[in-house]
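K.L.:
Dropping in target-v5.pdb, which is PDB, C-alpha atoms:
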```pdb
ATOM      1  CA  GLY W   1       0.189  -7.929 -20.744  1.00  0.00           C
ATOM      2  CA  ARG W   2      -0.173 -10.670 -18.148  1.00  0.00           C
ATOM      3  CA  THR W   3      -2.806 -10.317 -15.431  1.00  0.00           C
ATOM      4  CA  TRP W   4      -3.285 -12.299 -12.213  1.00  0.00           C
ATOM      5  CA  THR W   5      -6.869 -11.952 -11.063  1.00  0.00           C
ATOM      6  CA  GLY W   6      -7.888 -12.192  -7.423  1.00  0.00           C
ATOM      7  CA  ASN W   7      -9.779 -15.026  -5.767  1.00  0.00           C
ATOM      8  CA  THR W   8     -11.759 -15.277  -2.548  1.00  0.00           C
ATOM      9  CA  ASP W   9      -9.152 -16.195   0.097  1.00  0.00           C
ATOM     10  CA  THR W  10      -9.686 -14.628   3.510  1.00  0.00           C
ATOM     11  CA  THR W  11      -6.223 -13.000   3.436  1.00  0.00           C
ATOM     12  CA  GLY W  12      -4.218 -12.035   0.372  1.00  0.00           C
ATOM     13  CA  ALA W  13      -6.800 -12.474  -2.351  1.00  0.00           C
ATOM     14  CA  GLN W  14      -4.158 -12.968  -5.028  1.00  0.00           C
ATOM     15  CA  LEU W  15      -0.675 -13.482  -3.611  1.00  0.00           C
ATOM     16  CA  ARG W  16       0.437 -14.398  -0.117  1.00  0.00           C
ATOM     17  CA  CYS W  17       4.087 -14.126   0.944  1.00  0.00           C
ATOM     18  CA  PHE W  18       4.720 -15.921   4.233  1.00  0.00           C
ATOM     19  CA  ASN W  19       7.679 -17.738   5.721  1.00  0.00           C
ATOM     20  CA  ALA W  20       8.660 -18.301   9.337  1.00  0.00           C
ATOM     21  CA  ASP W  21      12.233 -19.117   8.350  1.00  0.00           C
ATOM     22  CA  VAL W  22      14.803 -16.477   9.311  1.00  0.00           C
ATOM     23  CA  THR W  23      15.788 -15.974   5.681  1.00  0.00           C
ATOM     24  CA  GLY W  24      12.179 -15.378   4.687  1.00  0.00           C
ATOM     25  CA  THR W  25      10.713 -15.594   1.220  1.00  0.00           C
ATOM     26  CA  VAL W  26      11.379 -13.022  -1.518  1.00  0.00           C
ATOM     27  CA  ILE W  27       8.997 -12.453  -4.412  1.00  0.00           C
ATOM     28  CA  ASN W  28      10.096 -10.109  -7.207  1.00  0.00           C
ATOM     29  CA  ILE W  29       7.394  -8.518  -9.370  1.00  0.00           C
ATOM     30  CA  VAL W  30       8.557  -7.177 -12.727  1.00  0.00           C
ATOM     31  CA  ASP W  31       6.782  -5.824 -15.788  1.00  0.00           C
ATOM     32  CA  CYS W  32       7.155  -9.017 -17.850  1.00  0.00           C
ATOM     33  CA  SER W  33       9.489  -7.134 -20.173  1.00  0.00           C
ATOM     34  CA  THR W  34      11.067  -8.433 -23.367  1.00  0.00           C
ATOM     35  CA  LYS W  35      13.964  -9.717 -21.260  1.00  0.00           C
ATOM     36  CA  VAL W  36      11.581 -12.268 -19.780  1.00  0.00           C
ATOM     37  CA  ASN W  37       8.973 -13.386 -22.278  1.00  0.00           C
ATOM     38  CA  GLY W  38       8.178 -10.681 -24.791  1.00  0.00           C
ATOM     39  CA  VAL W  39       5.085  -9.170 -23.157  1.00  0.00           C
ATOM     40  CA  SER W  40       4.636  -6.007 -21.117  1.00  0.00           C
ATOM     41  CA  GLY W  41       2.167  -4.420 -18.727  1.00  0.00           C
ATOM     42  CA  GLY W  42       2.183  -7.040 -15.982  1.00  0.00           C
ATOM     43  CA  LYS W  43      -0.693  -6.677 -13.527  1.00  0.00           C
ATOM     44  CA  ILE W  44      -1.969  -8.194 -10.277  1.00  0.00           C
ATOM     45  CA  VAL W  45      -5.662  -7.537  -9.723  1.00  0.00           C
ATOM     46  CA  GLY W  46      -6.940  -8.018  -6.180  1.00  0.00           C
ATOM     47  CA  GLY W  47     -10.028  -9.952  -5.238  1.00  0.00           C
ATOM     48  CA  ASN W  48     -13.079  -8.669  -3.413  1.00  0.00           C
ATOM     49  CA  LYS W  49     -13.465 -10.963  -0.386  1.00  0.00           C
ATOM     50  CA  ALA W  50     -10.147 -10.914   1.465  1.00  0.00           C
ATOM     51  CA  SER W  51     -10.385  -9.739   5.055  1.00  0.00           C
ATOM     52  CA  ASN W  52      -6.902  -8.175   4.803  1.00  0.00           C
ATOM     53  CA  GLY W  53      -4.711  -7.573   1.777  1.00  0.00           C
ATOM     54  CA  GLY W  54      -6.911  -7.346  -1.303  1.00  0.00           C
ATOM     55  CA  ALA W  55      -4.071  -8.172  -3.716  1.00  0.00           C
ATOM     56  CA  ILE W  56      -1.011  -9.106  -1.599  1.00  0.00           C
ATOM     57  CA  TYR W  57      -0.490 -10.234   2.003  1.00  0.00           C
ATOM     58  CA  ILE W  58       3.086 -10.150   3.400  1.00  0.00           C
ATOM     59  CA  SER W  59       3.967 -11.690   6.768  1.00  0.00           C
ATOM     60  CA  THR W  60       6.703 -13.193   8.963  1.00  0.00           C
ATOM     61  CA  GLY W  61       9.932 -12.578   7.115  1.00  0.00           C
ATOM     62  CA  GLY W  62       8.387 -12.347   3.652  1.00  0.00           C
ATOM     63  CA  ALA W  63       9.496  -9.717   1.147  1.00  0.00           C
ATOM     64  CA  VAL W  64       7.838  -8.434  -1.999  1.00  0.00           C
ATOM     65  CA  ARG W  65       9.796  -6.181  -4.349  1.00  0.00           C
ATOM     66  CA  ILE W  66       7.967  -4.357  -7.106  1.00  0.00           C
ATOM     67  CA  TYR W  67      10.046  -3.174 -10.060  1.00  0.00           C
ATOM     68  CA  ASP W  68       7.289  -2.416 -12.563  1.00  0.00           C
ATOM     69  CA  GLY W  69       3.726  -3.247 -13.517  1.00  0.00           C
ATOM     70  CA  THR W  70       0.485  -2.530 -11.678  1.00  0.00           C
ATOM     71  CA  ILE W  71      -0.937  -3.755  -8.380  1.00  0.00           C
ATOM     72  CA  GLN W  72      -4.638  -3.026  -8.664  1.00  0.00           C
ATOM     73  CA  GLY W  73      -6.227  -3.513  -5.271  1.00  0.00           C
ATOM     74  CA  GLY W  74      -9.539  -5.096  -4.464  1.00  0.00           C
ATOM     75  CA  ASN W  75     -12.311  -4.312  -2.019  1.00  0.00           C
ATOM     76  CA  VAL W  76     -11.586  -6.023   1.317  1.00  0.00           C
ATOM     77  CA  GLY W  77     -14.952  -5.284   2.832  1.00  0.00           C
ATOM     78  CA  SER W  78     -16.438  -3.330   5.713  1.00  0.00           C
ATOM     79  CA  ALA W  79     -13.798  -4.301   8.299  1.00  0.00           C
ATOM     80  CA  GLY W  80     -10.833  -5.201   6.083  1.00  0.00           C
ATOM     81  CA  LYS W  81      -7.421  -3.560   6.066  1.00  0.00           C
ATOM     82  CA  GLY W  82      -5.027  -2.980   3.196  1.00  0.00           C
ATOM     83  CA  GLY W  83      -7.142  -2.887   0.052  1.00  0.00           C
ATOM     84  CA  SER W  84      -4.082  -3.529  -2.128  1.00  0.00           C
ATOM     85  CA  ILE W  85      -1.380  -4.747   0.300  1.00  0.00           C
ATOM     86  CA  TYR W  86      -1.364  -5.841   3.944  1.00  0.00           C
ATOM     87  CA  LEU W  87       2.145  -5.693   5.437  1.00  0.00           C
ATOM     88  CA  ASP W  88       2.703  -7.584   8.682  1.00  0.00           C
ATOM     89  CA  ARG W  89       6.252  -8.431   9.850  1.00  0.00           C
ATOM     90  CA  GLY W  90       7.715  -8.273   6.359  1.00  0.00           C
ATOM     91  CA  GLU W  91       9.226  -5.985   3.743  1.00  0.00           C
ATOM     92  CA  LEU W  92       7.711  -4.228   0.768  1.00  0.00           C
ATOM     93  CA  GLY W  93      10.168  -2.628  -1.636  1.00  0.00           C
ATOM     94  CA  MET W  94       8.921  -0.519  -4.522  1.00  0.00           C
ATOM     95  CA  TYR W  95      11.382   0.450  -7.274  1.00  0.00           C
ATOM     96  CA  GLY W  96       8.878   1.245 -10.000  1.00  0.00           C
ATOM     97  CA  GLY W  97       5.312   0.539 -11.025  1.00  0.00           C
ATOM     98  CA  VAL W  98       1.955   1.558  -9.590  1.00  0.00           C
ATOM     99  CA  ILE W  99      -0.191   0.527  -6.620  1.00  0.00           C
ATOM    100  CA  THR W 100      -3.674   1.867  -7.209  1.00  0.00           C
ATOM    101  CA  GLY W 101      -7.379   1.608  -6.588  1.00  0.00           C
ATOM    102  CA  GLY W 102      -7.457  -0.347  -3.325  1.00  0.00           C
ATOM    103  CA  ARG W 103     -10.531  -0.031  -1.124  1.00  0.00           C
ATOM    104  CA  ALA W 104     -10.691  -0.953   2.562  1.00  0.00           C
ATOM    105  CA  PHE W 105     -12.020   0.067   5.951  1.00  0.00           C
ATOM    106  CA  GLN W 106      -8.475   1.125   6.940  1.00  0.00           C
ATOM    107  CA  GLY W 107      -5.540   1.660   4.588  1.00  0.00           C
ATOM    108  CA  GLY W 108      -7.149   1.835   1.162  1.00  0.00           C
ATOM    109  CA  ASN W 109      -3.947   0.801  -0.622  1.00  0.00           C
ATOM    110  CA  VAL W 110      -1.381  -0.221   2.029  1.00  0.00           C
ATOM    111  CA  TYR W 111      -1.770  -1.153   5.702  1.00  0.00           C
ATOM    112  CA  MET W 112       1.316  -1.691   7.919  1.00  0.00           C
ATOM    113  CA  ASN W 113       0.752  -3.455  11.224  1.00  0.00           C
ATOM    114  CA  SER W 114       4.012  -4.526  12.919  1.00  0.00           C
ATOM    115  CA  ASP W 115       7.226  -3.051  14.293  1.00  0.00           C
ATOM    116  CA  LEU W 116       8.920  -5.362  11.787  1.00  0.00           C
ATOM    117  CA  SER W 117       7.022  -3.926   8.816  1.00  0.00           C
ATOM    118  CA  ARG W 118       9.088  -1.881   6.367  1.00  0.00           C
ATOM    119  CA  PHE W 119       7.930  -0.180   3.162  1.00  0.00           C
ATOM    120  CA  ASN W 120      10.739   1.296   1.060  1.00  0.00           C
ATOM    121  CA  LEU W 121       9.129   3.421  -1.660  1.00  0.00           C
ATOM    122  CA  SER W 122      12.203   4.286  -3.723  1.00  0.00           C
ATOM    123  CA  LYS W 123      10.372   4.842  -7.008  1.00  0.00           C
ATOM    124  CA  GLY W 124       6.764   4.475  -8.089  1.00  0.00           C
ATOM    125  CA  VAL W 125       3.235   5.713  -7.537  1.00  0.00           C
ATOM    126  CA  VAL W 126       0.663   4.891  -4.851  1.00  0.00           C
ATOM    127  CA  SER W 127      -2.646   6.407  -5.872  1.00  0.00           C
ATOM    128  CA  ASN W 128      -6.415   6.532  -5.631  1.00  0.00           C
ATOM    129  CA  GLY W 129      -6.853   4.392  -2.542  1.00  0.00           C
ATOM    130  CA  LEU W 130     -10.169   4.682  -0.724  1.00  0.00           C
ATOM    131  CA  ALA W 131     -10.926   4.094   2.955  1.00  0.00           C
ATOM    132  CA  THR W 132     -14.598   4.005   3.831  1.00  0.00           C
ATOM    133  CA  GLY W 133     -16.768   2.856   6.713  1.00  0.00           C
ATOM    134  CA  ALA W 134     -19.265   3.897   9.364  1.00  0.00           C
ATOM    135  CA  ALA W 135     -16.642   5.319  11.745  1.00  0.00           C
ATOM    136  CA  LYS W 136     -12.898   5.397  12.328  1.00  0.00           C
ATOM    137  CA  CYS W 137     -12.096   4.450   8.763  1.00  0.00           C
ATOM    138  CA  ARG W 138      -8.584   5.584   8.094  1.00  0.00           C
ATOM    139  CA  VAL W 139      -6.320   6.694   5.281  1.00  0.00           C
ATOM    140  CA  GLY W 140      -6.965   6.387   1.592  1.00  0.00           C
ATOM    141  CA  ASN W 141      -3.439   5.407   0.535  1.00  0.00           C
ATOM    142  CA  ILE W 142      -0.944   4.329   3.260  1.00  0.00           C
ATOM    143  CA  TYR W 143      -1.751   3.677   6.926  1.00  0.00           C
ATOM    144  CA  VAL W 144       1.359   3.097   9.056  1.00  0.00           C
ATOM    145  CA  VAL W 145       0.137   1.731  12.408  1.00  0.00           C
ATOM    146  CA  LYS W 146       3.565   0.287  13.210  1.00  0.00           C
ATOM    147  CA  GLY W 147       6.807  -0.095  11.299  1.00  0.00           C
ATOM    148  CA  THR W 148       8.816   2.191   9.023  1.00  0.00           C
ATOM    149  CA  LEU W 149       7.848   3.960   5.802  1.00  0.00           C
ATOM    150  CA  ASN W 150      10.695   5.391   3.710  1.00  0.00           C
ATOM    151  CA  LEU W 151       9.876   7.721   0.828  1.00  0.00           C
ATOM    152  CA  GLY W 152      12.932   8.055  -1.370  1.00  0.00           C
ATOM    153  CA  VAL W 153      16.497   6.992  -0.624  1.00  0.00           C
ATOM    154  CA  ALA W 154      18.720   8.577   2.009  1.00  0.00           C
ATOM    155  CA  GLY W 155      21.663  10.549   0.670  1.00  0.00           C
ATOM    156  CA  GLU W 156      20.211  11.348  -2.750  1.00  0.00           C
ATOM    157  CA  PRO W 157      20.179  15.087  -3.599  1.00  0.00           C
ATOM    158  CA  GLU W 158      16.631  16.398  -3.900  1.00  0.00           C
ATOM    159  CA  SER W 159      15.528  17.358  -7.407  1.00  0.00           C
ATOM    160  CA  ASP W 160      12.324  17.815  -9.388  1.00  0.00           C
ATOM    161  CA  GLU W 161      13.027  14.547 -11.174  1.00  0.00           C
ATOM    162  CA  LEU W 162      13.352  12.607  -7.925  1.00  0.00           C
ATOM    163  CA  ASN W 163      10.305  14.313  -6.395  1.00  0.00           C
ATOM    164  CA  ASN W 164       8.271  13.207  -9.399  1.00  0.00           C
ATOM    165  CA  SER W 165       9.636   9.667  -9.227  1.00  0.00           C
ATOM    166  CA  VAL W 166       7.996   8.988  -5.843  1.00  0.00           C
ATOM    167  CA  ARG W 167       4.336   9.974  -5.607  1.00  0.00           C
ATOM    168  CA  VAL W 168       1.586   9.284  -3.092  1.00  0.00           C
ATOM    169  CA  ILE W 169      -1.459  10.965  -4.557  1.00  0.00           C
ATOM    170  CA  ASP W 170      -5.239  11.253  -4.653  1.00  0.00           C
ATOM    171  CA  GLY W 171      -6.113   9.090  -1.657  1.00  0.00           C
ATOM    172  CA  GLU W 172      -9.535   9.507  -0.082  1.00  0.00           C
ATOM    173  CA  ALA W 173     -11.135   8.657   3.247  1.00  0.00           C
ATOM    174  CA  PHE W 174     -14.763   9.359   4.110  1.00  0.00           C
ATOM    175  CA  TYR W 175     -17.503   8.269   6.495  1.00  0.00           C
ATOM    176  CA  SER W 176     -20.948   9.386   7.597  1.00  0.00           C
ATOM    177  CA  ASN W 177     -20.392   9.408  11.368  1.00  0.00           C
ATOM    178  CA  THR W 178     -21.138  12.777  13.001  1.00  0.00           C
ATOM    179  CA  ASP W 179     -18.480  12.461  15.738  1.00  0.00           C
ATOM    180  CA  LYS W 180     -16.286  15.489  15.088  1.00  0.00           C
ATOM    181  CA  THR W 181     -13.388  13.990  17.047  1.00  0.00           C
ATOM    182  CA  ASP W 182     -13.128  11.069  14.674  1.00  0.00           C
ATOM    183  CA  VAL W 183     -10.708  12.209  11.977  1.00  0.00           C
ATOM    184  CA  ASN W 184      -9.484  10.806   8.684  1.00  0.00           C
ATOM    185  CA  CYS W 185      -6.544  11.256   6.329  1.00  0.00           C
ATOM    186  CA  GLY W 186      -6.486  11.112   2.549  1.00  0.00           C
ATOM    187  CA  ASN W 187      -2.925  10.025   1.735  1.00  0.00           C
ATOM    188  CA  ILE W 188      -0.648   8.953   4.633  1.00  0.00           C
ATOM    189  CA  TRP W 189      -1.199   8.485   8.356  1.00  0.00           C
ATOM    190  CA  VAL W 190       1.729   7.591  10.633  1.00  0.00           C
ATOM    191  CA  THR W 191       0.842   6.791  14.245  1.00  0.00           C
ATOM    192  CA  SER W 192       2.999   7.555  17.276  1.00  0.00           C
ATOM    193  CA  ASN W 193       4.155   3.927  17.213  1.00  0.00           C
ATOM    194  CA  ALA W 194       5.572   4.166  13.697  1.00  0.00           C
ATOM    195  CA  THR W 195       8.234   6.052  11.713  1.00  0.00           C
ATOM    196  CA  MET W 196       8.212   7.828   8.371  1.00  0.00           C
ATOM    197  CA  ASN W 197      11.320   9.149   6.627  1.00  0.00           C
ATOM    198  CA  MET W 198      10.766  11.371   3.599  1.00  0.00           C
ATOM    199  CA  TYR W 199      13.942  11.971   1.601  1.00  0.00           C
ATOM    200  CA  TYR W 200      12.171  13.166  -1.532  1.00  0.00           C
ATOM    201  CA  GLY W 201       8.861  12.704  -3.316  1.00  0.00           C
ATOM    202  CA  THR W 202       5.413  14.216  -3.779  1.00  0.00           C
ATOM    203  CA  ILE W 203       2.322  13.823  -1.592  1.00  0.00           C
ATOM    204  CA  SER W 204      -0.735  15.526  -3.038  1.00  0.00           C
ATOM    205  CA  GLY W 205      -4.444  15.450  -3.716  1.00  0.00           C
ATOM    206  CA  GLY W 206      -5.662  13.708  -0.555  1.00  0.00           C
ATOM    207  CA  ILE W 207      -9.278  14.107   0.569  1.00  0.00           C
ATOM    208  CA  ALA W 208     -10.714  13.447   4.036  1.00  0.00           C
ATOM    209  CA  SER W 209     -14.403  14.097   4.611  1.00  0.00           C
ATOM    210  CA  ARG W 210     -17.727  12.818   5.887  1.00  0.00           C
ATOM    211  CA  THR W 211     -19.165  12.587   2.403  1.00  0.00           C
ATOM    212  CA  GLN W 212     -17.649  10.776  -0.538  1.00  0.00           C
ATOM    213  CA  ALA W 213     -16.045  13.112  -3.065  1.00  0.00           C
ATOM    214  CA  SER W 214     -15.480  10.530  -5.784  1.00  0.00           C
ATOM    215  CA  VAL W 215     -16.721   7.116  -6.881  1.00  0.00           C
TER
END
```
For this file, produce the structure as structure tokens.

P.N.:
Amino acid sequence: GRTWTGNTDTTGAQLRCFNADVTGTVINIVDCSTKVNGVSGGKIVGGNKASNGGAIYISTGGAVRIYDGTIQGGNVGSAGKGGSIYLDRGELGMYGGVITGGRAFQGGNVYMNSDLSRFNLSKGVVSNGLATGAAKCRVGNIYVVKGTLNLGVAGEPESDELNNSVRVIDGEAFYSNTDKTDVNCGNIWVTSNATMNMYYGTISGGIASRTQASV
């Protein structure tokens, strides 16, 4: 398979999608199937020094659409957000593939930070994100501060097959602060300024604690 490995940019350690033009910029990520060049298992591996967006940073009219392959997030550091993907005023569409293993202070895998942010998770898996820090670290997998998160597609009849096709699983958030009012969330957190629509899918296995349950 083909792998892009992260660098040390301050935002978007591997791929940055940004365009101020109204039409924006669209980047399609596929699995490098035989229809393209005869290899499979495409992968983007995030870097370890981005302040936001360990693997991908999307902003100002940009759009990234994932059809297959793996986005393997990096570690964005003690104050970073979006270990795998940082979504700011853009669109993330997921129609297959896996986003996994991101580590950040907030939003281990995905962090959404604008009213114009939209994440359409129509098919695929977001898993094993980790949020960690001294205090107020938030959400192992998907943190929706602003914007819209759609799990599944409106109008589709719910079924076991569809529920298994969209999965947000095994996220973890932990910290050592003793302030009992400071809470965490393992898989998905949607603030009062954001919207989540769940048409079908599975959310499971999240852990929120003051001690790390896994490495």

K.L.:
Quick one: residues within 9 Å of Asn164 in chain W, all atoms listed in the file, excluding same-chain residues fewer than 2 positions away - as a PyMOL selection string?

P.N.:
chain W and resi 123-124+159-162+166-167+200-202

K.L.:
I need the chosen residues saved as a compact mmCIF listing (two decimals), in the coordinates of the input, with C-alpha atoms.

P.N.:
```txt
# COMPACT_ATOMS: atom_id res chain seq x y z
CA LYS W 123 10.37 4.84 -7.01
CA GLY W 124 6.76 4.47 -8.09
CA SER W 159 15.53 17.36 -7.41
CA ASP W 160 12.32 17.82 -9.39
CA GLU W 161 13.03 14.55 -11.17
CA LEU W 162 13.35 12.61 -7.92
CA VAL W 166 8.00 8.99 -5.84
CA ARG W 167 4.34 9.97 -5.61
CA TYR W 200 12.17 13.17 -1.53
CA GLY W 201 8.86 12.70 -3.32
CA THR W 202 5.41 14.22 -3.78
```

K.L.:
With the PyMOL selection byres ((chain W and resi 131) around 7) as the selection, what would be picked from this file? Answer as a ChimeraX atom specification, please.

P.N.:
/W:103-108,129-130,132,137-140,172-174

K.L.:
For Ala154 in chain W, which residue out of W:Val190, W:Leu121, W:Leu116, W:Ile207 is the nearest one, using all atoms listed in the file?

P.N.:
W:Leu121

K.L.:
Please write the residues picked by the PyMOL selection byres ((chain W and resi 88-91) around 10) on this file as a PyMOL selection string.

P.N.:
chain W and resi 17-19+24-26+57-65+85-87+92-94+111-120+146-148

K.L.:
Write the residues of the preceding selection, restricted to C-alpha atoms, as a CSV table (one decimal), in the frame of the given file.

P.N.:
```
chain,number,residue,atom,x,y,z
W,17,CYS,CA,4.1,-14.1,0.9
W,18,PHE,CA,4.7,-15.9,4.2
W,19,ASN,CA,7.7,-17.7,5.7
W,24,GLY,CA,12.2,-15.4,4.7
W,25,THR,CA,10.7,-15.6,1.2
W,26,VAL,CA,11.4,-13.0,-1.5
W,57,TYR,CA,-0.5,-10.2,2.0
W,58,ILE,CA,3.1,-10.2,3.4
W,59,SER,CA,4.0,-11.7,6.8
W,60,THR,CA,6.7,-13.2,9.0
W,61,GLY,CA,9.9,-12.6,7.1
W,62,GLY,CA,8.4,-12.3,3.7
W,63,ALA,CA,9.5,-9.7,1.1
W,64,VAL,CA,7.8,-8.4,-2.0
W,65,ARG,CA,9.8,-6.2,-4.3
W,85,ILE,CA,-1.4,-4.7,0.3
W,86,TYR,CA,-1.4,-5.8,3.9
W,87,LEU,CA,2.1,-5.7,5.4
W,92,LEU,CA,7.7,-4.2,0.8
W,93,GLY,CA,10.2,-2.6,-1.6
W,94,MET,CA,8.9,-0.5,-4.5
W,111,TYR,CA,-1.8,-1.2,5.7
W,112,MET,CA,1.3,-1.7,7.9
W,113,ASN,CA,0.8,-3.5,11.2
W,114,SER,CA,4.0,-4.5,12.9
W,115,ASP,CA,7.2,-3.1,14.3
W,116,LEU,CA,8.9,-5.4,11.8
W,117,SER,CA,7.0,-3.9,8.8
W,118,ARG,CA,9.1,-1.9,6.4
W,119,PHE,CA,7.9,-0.2,3.2
W,120,ASN,CA,10.7,1.3,1.1
W,146,LYS,CA,3.6,0.3,13.2
W,147,GLY,CA,6.8,-0.1,11.3
W,148,THR,CA,8.8,2.2,9.0
```

K.L.:
Smallest atom-to-atom distance to Thr70 in chain W: which of W:Gly97, W:Gly102, W:Gly133, W:Gly205, using all atoms listed in the file?

P.N.:
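Among the listed residues, W:Gly97 lies closest to Thr70 in chain W.
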